[in-house]
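Asker: Following this message is one structure expressed as structure tokens.
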Amino acid sequence: MGKNSERTEMNGTLSQNDQVRVRMAPSPTGYLHIGGARTALFNWLFAKHHNGKFILRIDDTDTARSTDESMREIYHALKWLGINWDEQYVQSDRKSIYEGYVEQLLESGNAYHCYCTPEELEEIRAQARVDKQTRSYDGRHRHLTSEDVDRFIAEGRKPTVRIKMPDTPIRVDDLILGSRNIDPDTLEDEVIVRSNGMPNYNLTSIIDDAEMQITHVIRGTEHLNNTPKQIAIANALGLNLPQFAHIPLVLDDTGRKLSKRHHGDLVAVNRYREEGYLPEAMLNFVVRLGWSYDDKQEIFSVDELIEKFDLERVGKSGSVFDIKKLEWLNSHYINQLDVAARTDAVMPFWEQEGLVDSNTKRDWLEKIVEAVGERLTTFQDIVPQTRYFFTDDFEYDSKAVKKWWGGSDEKKQKTCEILTNLQQILEEISAFEIETIESAIWKYTDENDIKRVAAMQALRIALTGTSFGPSLFDIVVLLGKDEVLKRIPKAIAHL
RNA sequence: GCCGCUAUCGUCUAGGGGUCAGGACAGAUGGUUCUCAGCCAUCAAACCGGGGUUCGAAUCCCCGUAGCGGUACCA
């Protein structure tokens, strides 16, 4: 049973034979962001769950803002996430199709030319606000005389096309939000074709949904107010309507809608790919923004999502993008990978930093990854966490130095003594292996009444520059005897 | 301004007339340990407010309030 009984009543519209067809319709005006990725994912999961088709439609009717680069970014992000599409369309290729429908609208008297200038519209809007009007455009060019038209044309004005809104209420059924009736007085005659001849979103979207036989339009609630407009256009054209499902917005930590404009590439999917997040983690994270299965499960494989995803379990309120949760999921998925796979994933980050090249021994690298163990939140973490394996050109962390090497001369003296002794002990070990080293060091600390942690931390800082990291014995062995014996004197000199 | 949507721990959410309001992330504490992470244990943390309906309301209804979205010749 769903959380909202209103929803189930509407599912009857979909008969057994109808194949589900859904679409993701981004406008190529920037990268794909977290919210867009979630819309894509919900659509894709819905299609997969119902054995239907997922269509990618590029809504690029805003030619001024659309770019090919952005289109490629979107493809790239989607592919990385594993969201593949069955069909693809680009609206700018379909201009003539829309023109046919506009013609039809004009001929049937459901649309008309509007010669208002942008300045004029600006004034109308300002006045409507002062008058506390519900709508701004008042339909003043609905009934122009031919003299008016001639005059406007003589002035060189290029018209837009506006749809005539009906004067009866429009019923909007939404699978998530339920049903409501829209008061026609709140609707104004929308521009459906710009003065430059390019059709607008509300027109092309609903035409394509019909043309492409889209059964379910799953999109963000920022489109909720567009829905009655699109329904009105479809009705005027005698087009079949899809079912609508408006999913709540993804918000930032102040509760505002995530957007490219306000959040920059902080919300770009590709950025997370570059930083070493796993697509599985991304998908798992994003799906839980607004959707839940029960009160137990947090981790879902893609197959499980396909099996379990359901619009009925999508909530109505917005959800905040919480990077901590993403990080948790990412480290979970990273830790599922075996050492070889983790090494592969981490390699580009090492190479990018110039730490590793084709001569570096794979075997050794895998051992480093193994030593790092479950400490990675993202793959790019490998760089700060392992840099010291590749170079002795690092700073000694000042806090660590103060705490473990000593703030006082007396303590420094002691540290110096310990490191000197350790150097000697390690020098005498010929078989440089964990067990041997461990027992030698424990023997030294225990016999000389030195705290294990003091000796180990002193050595750790000498070898790595920091006070934390993998098991120190692993580090010593991986660094190798020569390197270790070089770094200790260097540290002593630094004291 | 106008139109609309929403409201459970800090965050994601479960529950939908009777529950000690459950889980997860984040946080705190303790244990394990050479450190960190991890792991284990424990703790803290919520039904926006006010009215109804009812034996009983977080749950149903109404009214507020707040937040957000839209308000383009963007999508």
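In the structure tokens, chains take the letters A, B, ... in the order shown, each chain's residues start at 1, and ligands count up from 1 in the order shown.
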Select all residues from chain B having any atom no more than 6 Å from an atom of chain A (counting only C-alpha atoms (C1' of nucleotides), ignoring ligands), output as a list of chain:residue names.
Answerer: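 Going by the stated atoms only, the list reads B:G1, B:C2, B:U6, B:A14, B:G23, B:C25, B:C34, B:U35, B:C36, B:A37, B:G69, B:C73.
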Asker: Skip A7 (chain B) itself and residues of its chain fewer than 5 positions away, then list as number ranges by chain all residues within 9 Å of it, counting only C-alpha atoms (C1' of nucleotides).
Answerer: A: 317; B: 48, 66-67
Asker: Filtering to C-alpha atoms (C1' of nucleotides), could you give me those residues as a compact mmCIF listing (two decimals), in the first residue's frame?
Answerer:
```
# COMPACT_ATOMS: atom_id res chain seq x y z
CA SER A 317 9.11 17.31 0.01
C1' C B 48 6.19 23.62 12.63
C1' A B 66 7.57 29.18 7.72
C1' G B 67 10.40 27.41 3.72
```
Asker: To test your reading of the structure, identify every residue in region 55-252 of chain A that backbone DSSP assigns to strand (DSSP E), and report it as JSON, numbers by chain.
Answerer: {"A": [55, 56, 57, 58, 87, 88, 89, 90, 111, 112, 113, 114, 160, 161, 162, 163, 170, 171, 172, 173, 174, 178, 179, 180, 181, 182, 191, 192, 193, 216, 217, 218, 219, 220, 243, 244, 245, 246, 247, 250, 251]}
Asker: What is the distance between CA of Ile176 (chain A) and CA of Ala245 (chain A), in Å to one decimal?
Answerer: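 Calculated distance between CA of Ile176 (chain A) and CA of Ala245 (chain A) is 5.5 Å.
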Asker: For CA of Phe394 (chain A) and CA of Glu275 (chain A), quote the distance in Å rounded to one decimal.
Answerer: 22.8 Å
Asker: Please, which residues of region 294-421 of chain A, numbered as in this document, come out helix (DSSP H, G or I) from DSSP, as an MDAnalysis selection string?
Answerer: chainID A and resid 302:308 311:313 323:336 339:352 362:375 379:390 398:405 409:421
Asker: Which polymer residues have any atom within 9 Å of an atom of Gly480 (chain A), counting only C-alpha atoms (C1' of nucleotides), with same-chain residues fewer than 5 positions away left out, as a list in words?
Answerer: Phe432, Ile475 and Leu485 of chain A
Asker: Extract, using only C-alpha atoms (C1' of nucleotides), all DNA, RNA and protein residues at most 9 Å from Ile233 (chain A), discarding same-chain residues fewer than 6 positions from it, and format them as a PyMOL selection string.
Answerer: chain A and resi 105+110+163-165+202-203+206-207+239
Asker: Could you work out how far CA of Trp404 (chain A) lies from CA of Cys416 (chain A), giving the answer in Å with one decimal?
Answerer: 11.4 Å
Asker: Hey, which of B:G38, B:G31, B:G10, B:G15 ends up closest to A58 (chain B)? Count only C-alpha atoms (C1' of nucleotides).
Answerer: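 Counting only C-alpha atoms (C1' of nucleotides), the residue closest to A58 (chain B) is B:G15.
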Asker: Could you pull the residues within 6 Å of Leu56 (chain A), counting only C-alpha atoms (C1' of nucleotides), minus those fewer than 4 positions along the same chain, as JSON, numbers by chain?
Answerer: {"A": [23, 24, 88]}
Asker: Just want the 8 Å neighbourhood of Asp392 (chain A), counted on only C-alpha atoms (C1' of nucleotides), with same-chain residues fewer than 3 positions away dropped. Output as a VMD selection string.
Answerer: chain A and resid 388 to 389 463 to 464 487
